[in-house]
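Notes follow once the structure below has been shown.
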Amino acid sequence: MKNLNLQTKAQNTWCPGCFNFVILWAFQEAIRELIKERKLQKKNLVVVTGIGCHGKIYDYLDLNGFYTLHGRVIPTAVGIKLGNPELTVVGFGGDGDTFAEGIAHFLHACNTNPDITMLVHDNQVFALTTGQMTPTTEKEYKGPSSPEGKKTNPINPITLALAAGASFVARSSATHKQHLKRILKEAIVHKGFSFVDILQPCITFHNTAPYLSKRIYDLKKERHNPRSFDLAFQKALEWNYSLDQKSRIPIGIFYKKRRETFEEGFFQLKKPWYQVQRKVNYRKLFHH
Amino acid sequence: MRKTILIGGKAGQGIAMTSTLLGKIFANAGFYVFNYRDYPSLIRGGHNFNVLAISDSPVFSFEKDYDIIVALDQNTINKHKKYLKKQGFILGGKALKSQKLISLDLERILSAMRLPPIFGNNILIGYIAHYFGLPLADVLRVIRREFGEKADVVSKSIEFAYGIKLHHQEKVRKKRKKKYFFSGNEAIGLGAIAAGIDIYFAYPMTPATPVLHYLAKKQKEHNLLVVQPENEIAVINAALGASFAGAKTMVGTSGGGFCLMAEACSLQGMSEVPLVVYLAQRTGPSTGVPTYTTQGDLKFALNVGHGEFPRIVVAPGDAKEAFLRTIEAFYLSQKYRTLVIILGDKHLGESHFSFDEIEKPRVKSRDFLIKNPSPDYKSYKITKDGVSPRTVPGIGPTVRASGYEHDEEGITTEEEFKVSQMTEKRLRKIESIRKEIARLDPIKVYGRGENLIVSWGSTKGAIIDSLKKLKGFRFLQIIYLEPFPWLQVEREIKKAKRVFLVENNATGLLGKVIREQTGILIKRKILKYNGRPFYPSEIIKKIK
């Protein structure tokens with residue numbers, strides 16, 4: 001089973017040494033292990049990707065997939081889940097994708113709790129469009145669209161997700177591949193909206209690797225209790241995504257709680273719709 | 001026999017409810033009925049009115065020429081009395097003032113019956129039904145059908161009204177066959193149900209909202225799902241996701257919401273995930289005149305989304321067509337993996353129409369899914385007709401959908417040969433669809449004569465009704481606007497002596513499309529763009 005092939009024929013076009021390779025590896029390993037543990041079936045797994053460097057992962061995974069529009073990973077993923085509640089749906093988005101173009105969908109998914117997983121390749125930069133700032137880019141960042149430096153502070157996706165009611169909020173880093181694999185497994189298995197912000201240095205436009213590696217620590221090792229919302233919020237505030245020199249950066253599961261999913265609220269969602277058969281009586285339809 | 005009744009009052013007084021109920025009573029008695037709804041964008045107060053045209057021959061429009069005005073407030077009388085016929089009368093409560101008023105002491109009746117003011121409407125309905133001599137038992141049957149468990153108290157007020165001494169009576173003869181009576185929006189909902197809709201996604205927007213409400217109400221009865229996401233962008237992307245997963249989906253909106261959906265329409269074109277869109281036009285641009293009608297979005301529907309991709313645009317002309325064409329929309333979208341836009345408007349959606357019969361649809365509802373795909377299944381297989389056989393994730397083989405250009409397997413490609421090959425594959429569907437819709441009556445011609453009126457959509461009603469008084473005129477209704485049936489349209493126009501374009505917009509959009517598709521310029525244009533539908537008399541006057 002270890003050799004379950006998830007590779008495709010597609011030629012990989014990420015920059016050599018890109019941390020996306022680590023995310024790809026961690027996801028494939030997580031999937032292989034979950035299949036081995038009988039927590040997942042390959043045929044029932046669907047990935048949804050947005051637009052940006054992360055989106056190319058669609059081509060590199062031999063899995064059911066929907067390569068959707070920039071910013072629209074979440075509504076597409078929610079739709080897939082509503083279309084067939086037996087599917088396991090994993091969305092991949094970038095930070096521009098999820099927190100700029102698609103922020104409304106993100107906040108509503110945190111609130112409505114569809115049983116999907118949202119993995120954000122958060123490299124704090126628009127890389128595929130050559131290095132412009134995104135909502136999670138630090139203040140003063142100089143890019144081609146902000147030669148005088150970014151004027152505003154970054155947003156903190158972890159506090160946003162918590163405030164909006166997400167039932168699984170985690171952060172991992174592409175610099176910590178074993179940790180990432182473990183978090184991905186937990187996120188996919190969690191029933192409800194699972195959000196993982198994956199910190200990812202962009203080696204070409206925004207190389208945070210040296211910064212991150214010095215400051216990251218594992219919440220689990222400090223015995224963080226992910227059932228406590230208050231503690232989760234405190235931990236989330238430890239780092240505000242600006243590249244300041246003082247902060248430590250917690251990674252791991254901030255918060256996790258089982259609550260009713262969006263689909264569980266609908267009596268109609270019992271089986272895949274394509275299996276539902278109906279017969280229509282036209283006269284009865286019009287109550288004539 | 002032809003009677004026109006205006007029912008007016010403030011928003012919140014149950015004007016539309018009263019009018020449609022009266023319409024149902026007459027349709028049940030075998031009369032043809034058309035109901036027009038006119039209301040501003042507010043919830044309480046203002047002025048709402050409905051116009052009911054009742055006839056013993058088919059009627060699909062109304063004239064501002066009323067036999068009866070049912071007034072729930074003085075404002076209704078002030079605004080509309082100039083359109084009251086000489087022999088006409090006004091019916092209303094005691095507090096109203098008019099020489100033509102037949103007043104009922106509604107307050108006293110209701111307090112005696114211990115009923116709230118809204119039940120006064122039922123007294124008025126009862127009085128009118130009695131005035132025309134409709135049997136009480138028949139009226140009560142309609143009330144029971146419409147109100148179910150709550151029918152008793154309504155019936156009681158109707159029965160009471162039948163006891164009131166009439167000022168006069170004009171008995172009409174009941175017809176043998178009761179008529180179907182429903183609105184365009186109900187028809188869209190019914191058509192979707194008949195086509196086997198699984199999920200309807202929508203964000204509220206007038207005048208498409210009634211479909212959202214109608215289908216939401218029918219969820220249990222027909223085991224379907226209605227979802228209201230956070231915005232129109234979520235609506236259409238979720239619909240594409242659900243459709244990819246195997247659900248038959250439709251979304252509904254109006255112009256502004258459709259603007260937000262434009263990018264995902266383009267995604268549909270590339271990903272070839274089936275989708276039906278109900279676009280109910282309202283007066284624009286921008287917020288425009290939200291509760292009034294237009295045909296201003298034809299070019300928008302024909303061109304929505306960037307890039308070149310096949311789409312189908314179908315414009316029903318009345319509620320029965322809305323029902324049948326919605327079934328076709330689902331069939332075509334599933335079969336050709338394409339975007340189908342049902343192009344309606346406020347006038348089609350919120351007016352009620354009556355019919356003798358509802359014909360069986362010409363297509364059978366199917367999902368066109370391969371249930372046993374082979375392991376080497378390819379999501380975008382290149383085929384002669386351009387249609388790649390479709391299956392869904394969860395069955396076995398890898399299933400892909402992509403907005404990026406892709407090869408047969410759905411893997412991204414930018415290779416020049418493959419880009420043109422896949423573009424051609426998608427565009428080949430247009431000719432396949434054109435062949436298919438040729439047998440679905442993409443155009444219809446009504447009446448006889450050497451002269452021709454050309455139009456589309458909800459203007460059909462007023463044009464059909466005006467034909468009776470126009471000698472030597474045929475009417476060409478273009479129902480499928482994309483792929484455009486240019487050959488048939490060209491033939492009809494070339495046969496005609498004088499040609500008139502009739503459209504409910506300011507620039508004659510269909511005329512532009514006809515010129516683009518056939519090279520023919522129609523110079524005579526009858527256009528109306530004040531948010532109101534045509535009255536037949538306006539068309540007749542402009543032509544003569």
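Residues are named by chain letter and number: chains run A, B, ... in the order of the structure tokens, numbers start at 1 in each chain, and ligands are numbered from 1 in the order shown.
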Hey, which bits of chain A sit within 9 Å of chain B, and for each residue what's the closest pair of atoms and how far apart in Å (one decimal), counting only C-alpha atoms, rows by chain and increasing number, as JSON lines?
{"residue": "A:Thr8", "atom": "CA", "partner": "B:Ile411", "partner_atom": "CA", "distance": 8.7}
{"residue": "A:Lys9", "atom": "CA", "partner": "B:Ile411", "partner_atom": "CA", "distance": 8.6}
{"residue": "A:Ala10", "atom": "CA", "partner": "B:Ile411", "partner_atom": "CA", "distance": 7.0}
{"residue": "A:Gln41", "atom": "CA", "partner": "B:Gly394", "partner_atom": "CA", "distance": 8.9}
{"residue": "A:Lys42", "atom": "CA", "partner": "B:Gly394", "partner_atom": "CA", "distance": 8.5}
{"residue": "A:Lys43", "atom": "CA", "partner": "B:Gly394", "partner_atom": "CA", "distance": 5.0}
{"residue": "A:Asn44", "atom": "CA", "partner": "B:Gly394", "partner_atom": "CA", "distance": 4.6}
{"residue": "A:Leu45", "atom": "CA", "partner": "B:Gly394", "partner_atom": "CA", "distance": 7.6}
{"residue": "A:Val46", "atom": "CA", "partner": "B:Pro393", "partner_atom": "CA", "distance": 7.4}
{"residue": "A:Lys56", "atom": "CA", "partner": "B:Thr412", "partner_atom": "CA", "distance": 8.4}
{"residue": "A:Tyr58", "atom": "CA", "partner": "B:Ile411", "partner_atom": "CA", "distance": 8.1}
{"residue": "A:Asp59", "atom": "CA", "partner": "B:Ile411", "partner_atom": "CA", "distance": 5.6}
{"residue": "A:Tyr60", "atom": "CA", "partner": "B:Ile411", "partner_atom": "CA", "distance": 8.8}
{"residue": "A:Asp62", "atom": "CA", "partner": "B:Thr398", "partner_atom": "CA", "distance": 7.0}
{"residue": "A:Leu63", "atom": "CA", "partner": "B:Thr398", "partner_atom": "CA", "distance": 5.6}
{"residue": "A:Asn64", "atom": "CA", "partner": "B:Val399", "partner_atom": "CA", "distance": 4.8}
{"residue": "A:Gly65", "atom": "CA", "partner": "B:Arg400", "partner_atom": "CA", "distance": 4.8}
{"residue": "A:Phe66", "atom": "CA", "partner": "B:Ala401", "partner_atom": "CA", "distance": 4.6}
{"residue": "A:Tyr67", "atom": "CA", "partner": "B:Ser402", "partner_atom": "CA", "distance": 4.4}
{"residue": "A:Thr68", "atom": "CA", "partner": "B:Gly403", "partner_atom": "CA", "distance": 5.6}
{"residue": "A:Leu69", "atom": "CA", "partner": "B:Gly403", "partner_atom": "CA", "distance": 6.8}
{"residue": "A:Arg72", "atom": "CA", "partner": "B:Asn237", "partner_atom": "CA", "distance": 6.8}
{"residue": "A:Val73", "atom": "CA", "partner": "B:Asn237", "partner_atom": "CA", "distance": 8.5}
{"residue": "A:Ile74", "atom": "CA", "partner": "B:Ala238", "partner_atom": "CA", "distance": 8.3}
{"residue": "A:Pro75", "atom": "CA", "partner": "B:Ala238", "partner_atom": "CA", "distance": 4.7}
{"residue": "A:Thr76", "atom": "CA", "partner": "B:Gly241", "partner_atom": "CA", "distance": 4.5}
{"residue": "A:Ala77", "atom": "CA", "partner": "B:Gly241", "partner_atom": "CA", "distance": 6.3}
{"residue": "A:Val78", "atom": "CA", "partner": "B:Ala238", "partner_atom": "CA", "distance": 6.1}
{"residue": "A:Gly79", "atom": "CA", "partner": "B:Ala238", "partner_atom": "CA", "distance": 3.9}
{"residue": "A:Ile80", "atom": "CA", "partner": "B:Ala242", "partner_atom": "CA", "distance": 4.4}
{"residue": "A:Lys81", "atom": "CA", "partner": "B:Ala242", "partner_atom": "CA", "distance": 7.0}
{"residue": "A:Leu82", "atom": "CA", "partner": "B:Ala242", "partner_atom": "CA", "distance": 6.0}
{"residue": "A:Gly83", "atom": "CA", "partner": "B:Ala242", "partner_atom": "CA", "distance": 4.0}
{"residue": "A:Asn84", "atom": "CA", "partner": "B:Ala245", "partner_atom": "CA", "distance": 5.8}
{"residue": "A:Glu86", "atom": "CA", "partner": "B:Gly394", "partner_atom": "CA", "distance": 8.0}
{"residue": "A:Leu87", "atom": "CA", "partner": "B:Gly394", "partner_atom": "CA", "distance": 6.9}
{"residue": "A:Ala104", "atom": "CA", "partner": "B:Glu230", "partner_atom": "CA", "distance": 7.7}
{"residue": "A:His105", "atom": "CA", "partner": "B:Ala234", "partner_atom": "CA", "distance": 7.1}
{"residue": "A:His108", "atom": "CA", "partner": "B:Glu230", "partner_atom": "CA", "distance": 7.1}
{"residue": "A:Phe266", "atom": "CA", "partner": "B:Leu225", "partner_atom": "CA", "distance": 7.9}
{"residue": "A:Phe267", "atom": "CA", "partner": "B:Lys220", "partner_atom": "CA", "distance": 8.8}
{"residue": "A:Gln268", "atom": "CA", "partner": "B:Asn223", "partner_atom": "CA", "distance": 6.2}
{"residue": "A:Leu269", "atom": "CA", "partner": "B:Leu225", "partner_atom": "CA", "distance": 8.2}
{"residue": "A:Pro272", "atom": "CA", "partner": "B:Gly246", "partner_atom": "CA", "distance": 7.4}
{"residue": "A:Trp273", "atom": "CA", "partner": "B:Ala247", "partner_atom": "CA", "distance": 5.1}
{"residue": "A:Tyr274", "atom": "CA", "partner": "B:Gly246", "partner_atom": "CA", "distance": 5.1}
{"residue": "A:Gln275", "atom": "CA", "partner": "B:Gly246", "partner_atom": "CA", "distance": 8.7}
{"residue": "A:Val276", "atom": "CA", "partner": "B:Asp198", "partner_atom": "CA", "distance": 8.6}
{"residue": "A:Gln277", "atom": "CA", "partner": "B:Gly196", "partner_atom": "CA", "distance": 8.4}
{"residue": "A:Arg278", "atom": "CA", "partner": "B:Gly196", "partner_atom": "CA", "distance": 6.8}
{"residue": "A:Lys279", "atom": "CA", "partner": "B:Gly196", "partner_atom": "CA", "distance": 8.4}
{"residue": "A:Val280", "atom": "CA", "partner": "B:Ala194", "partner_atom": "CA", "distance": 5.9}
{"residue": "A:Asn281", "atom": "CA", "partner": "B:Ala194", "partner_atom": "CA", "distance": 8.2}
{"residue": "A:Tyr282", "atom": "CA", "partner": "B:Ala194", "partner_atom": "CA", "distance": 7.5}
{"residue": "A:Arg283", "atom": "CA", "partner": "B:Ile358", "partner_atom": "CA", "distance": 8.7}
{"residue": "A:Leu285", "atom": "CA", "partner": "B:Leu190", "partner_atom": "CA", "distance": 7.2}
{"residue": "A:Phe286", "atom": "CA", "partner": "B:Tyr180", "partner_atom": "CA", "distance": 7.8}
{"residue": "A:His287", "atom": "CA", "partner": "B:Arg145", "partner_atom": "CA", "distance": 8.6}
{"residue": "A:His288", "atom": "CA", "partner": "B:Tyr180", "partner_atom": "CA", "distance": 6.8}
Enumerate the residues of segment 34-220 of chain A with a DSSP assignment of strand (DSSP E), computed from the backbone, and present them as a count of residues only. 38
Between atom CA of Ile433 of chain B and atom CA of Val499 of chain B, what is the distance in Å, rounded to a tenth? 28.7 Å
Using only C-alpha atoms, which protein or nucleic acid residues come within 7 Å of Phe330 of chain B? Drop anything in the same chain fewer than 3 positions from it, and give the result as a list in words.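 What passes the distance filter is Ala195, Val276, Thr326, Ile327, Ser333 and Gln334 of chain B.
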Would you pick out the contacts of segment 136-138 of chain B at 9 Å or less, using only C-alpha atoms, so that residues sharing its chain but fewer than 5 positions from it are not included, and give the list as a PyMOL selection string? chain B and resi 25+28-29+126+129-130+143+158-159+162
Among segment 199-307 of chain B, which residues does DSSP mark as helix (DSSP H, G or I) when it is run on the backbone? Keep the chain and numbering as in the structure and answer as number ranges by chain. B: 209-217, 219-222, 232-244, 255-271, 298-303
With C-alpha atoms kept, could you save the residues just selected as a compact mmCIF listing (two decimals), in the first residue's frame?
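Output saved as result_19.txt:
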# COMPACT_ATOMS: atom_id res chain seq x y z
CA THR B 209 -36.50 35.44 -5.74
CA PRO B 210 -39.94 33.78 -6.09
CA VAL B 211 -38.21 30.73 -7.62
CA LEU B 212 -35.99 30.52 -4.54
CA HIS B 213 -39.05 30.65 -2.29
CA TYR B 214 -41.06 28.25 -4.41
CA LEU B 215 -38.38 25.57 -4.56
CA ALA B 216 -37.53 26.03 -0.88
CA LYS B 217 -41.17 25.30 -0.08
CA GLN B 219 -37.94 20.66 -0.79
CA LYS B 220 -39.63 17.98 1.26
CA GLU B 221 -42.29 17.06 -1.27
CA HIS B 222 -39.77 16.51 -4.06
CA GLU B 232 -23.77 35.17 -6.15
CA ILE B 233 -20.14 34.26 -6.70
CA ALA B 234 -20.46 31.51 -4.11
CA VAL B 235 -23.82 30.54 -5.61
CA ILE B 236 -22.51 29.76 -9.05
CA ASN B 237 -19.20 28.25 -7.99
CA ALA B 238 -20.94 25.98 -5.49
CA ALA B 239 -23.39 25.01 -8.22
CA LEU B 240 -20.51 24.04 -10.48
CA GLY B 241 -18.95 22.03 -7.64
CA ALA B 242 -22.22 20.22 -6.94
CA SER B 243 -22.78 19.54 -10.62
CA PHE B 244 -19.25 18.15 -10.93
CA GLY B 255 -28.76 41.31 -13.81
CA GLY B 256 -26.59 42.53 -10.92
CA GLY B 257 -26.15 39.05 -9.52
CA PHE B 258 -25.45 37.71 -12.97
CA CYS B 259 -22.64 40.25 -13.34
CA LEU B 260 -21.02 38.65 -10.32
CA MET B 261 -21.45 35.24 -11.91
CA ALA B 262 -19.80 36.18 -15.18
CA GLU B 263 -16.36 34.74 -14.40
CA ALA B 264 -17.80 31.41 -13.31
CA CYS B 265 -19.84 31.24 -16.53
CA SER B 266 -16.51 31.32 -18.27
CA LEU B 267 -15.26 28.58 -15.94
CA GLN B 268 -18.29 26.56 -16.99
CA GLY B 269 -17.27 26.99 -20.61
CA MET B 270 -13.81 25.63 -19.98
CA SER B 271 -14.60 22.98 -17.36
CA LEU B 298 -30.06 39.94 -24.12
CA LYS B 299 -26.58 40.87 -25.31
CA PHE B 300 -25.21 40.31 -21.82
CA ALA B 301 -26.59 36.78 -21.70
CA LEU B 302 -25.27 36.06 -25.19
CA ASN B 303 -21.80 37.30 -24.29
Take atom CA of Arg2 of chain B and atom CA of Glu63 of chain B and report the distance between them in Å, one decimal. 10.9 Å
Skip segment 341-356 of chain B itself and residues of its chain fewer than 3 positions away, then list as a PyMOL selection string all residues within 8 Å of it, counting only C-alpha atoms. chain B and resi 20+27+32-37+58-60+177-186+206-208+276-282+291-295+298+301+311-320+325-326+329+457-458+533
Which residues come within 10 Å of Lys220 of chain A, counting only C-alpha atoms, excluding same-chain residues fewer than 2 positions away, as an MDAnalysis selection string? chainID A and resid 217:218 222:226 250:254
Please build the interface table for segment 36-101 of chain A against segment 121-136 of chain A with a cut-off of 12 Å, listing for each qualifying residue the nearest atom pair and the distance in Å to one decimal; count only C-alpha atoms, order rows by chain and increasing number, and write it as CSV.
residue,atom,partner,partner_atom,distance
A:Thr49,CA,A:His121,CA,10.9
A:Gly50,CA,A:His121,CA,10.7
A:Ile51,CA,A:Leu128,CA,8.8
A:Gly52,CA,A:Leu128,CA,5.5
A:Cys53,CA,A:Leu128,CA,5.6
A:His54,CA,A:His121,CA,6.4
A:Gly55,CA,A:His121,CA,9.5
A:Lys56,CA,A:Leu128,CA,10.5
A:Ile57,CA,A:His121,CA,10.9
A:His70,CA,A:Phe126,CA,11.9
A:Gly91,CA,A:His121,CA,10.7
A:Phe92,CA,A:His121,CA,7.3
A:Gly93,CA,A:His121,CA,6.2
A:Gly94,CA,A:His121,CA,4.8
A:Asp95,CA,A:Asp122,CA,4.9
A:Gly96,CA,A:Thr134,CA,5.3
A:Asp97,CA,A:Phe126,CA,9.0
A:Thr98,CA,A:Asp122,CA,9.3
A:Phe99,CA,A:Pro135,CA,6.4
A:Ala100,CA,A:Pro135,CA,6.2
A:Glu101,CA,A:Pro135,CA,9.9
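The smallest atom-to-atom distance between Lys335 of chain B and any of B:Gly252, B:Gly9, B:Pro40, B:Pro274, using only C-alpha atoms, is found for B:Pro274.
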Contacts of Leu96 of chain B within 7 Å, only C-alpha atoms, excl. fewer than 4 positions in-chain, as a list in words: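 The contact residues come out as Asp73, Gln74 and Gly92 of chain B.
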With C-alpha atoms retained, export the selected residues as an mmCIF file, in the first residue's frame.
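Output saved as again03.cif:
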data_model
loop_
_atom_site.group_PDB
_atom_site.id
_atom_site.type_symbol
_atom_site.label_atom_id
_atom_site.label_comp_id
_atom_site.auth_asym_id
_atom_site.auth_seq_id
_atom_site.Cartn_x
_atom_site.Cartn_y
_atom_site.Cartn_z
ATOM 1 C CA ASP B 73 -57.202 52.484 -0.106
ATOM 2 C CA GLN B 74 -58.195 55.894 -1.421
ATOM 3 C CA GLY B 92 -64.128 48.964 -1.480
#
Could you tell me how far atom CA of His176 of chain A lies from atom CA of Arg215 of chain A, in Å and to one decimal?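 Atom CA of Arg215 of chain A lies at a distance of 12.2 Å from atom CA of His176 of chain A.
Minimum distance to Tyr39 of chain B across B:Val251, B:Ile15, B:Leu52, B:Leu339 (counting only C-alpha atoms) occurs at B:Ile15.
You can rank A:Trp14, A:Glu263, A:Lys39, A:Phe229 by their closest distance to Cys202 of chain A using only C-alpha atoms, and at the top of that list sits A:Trp14.
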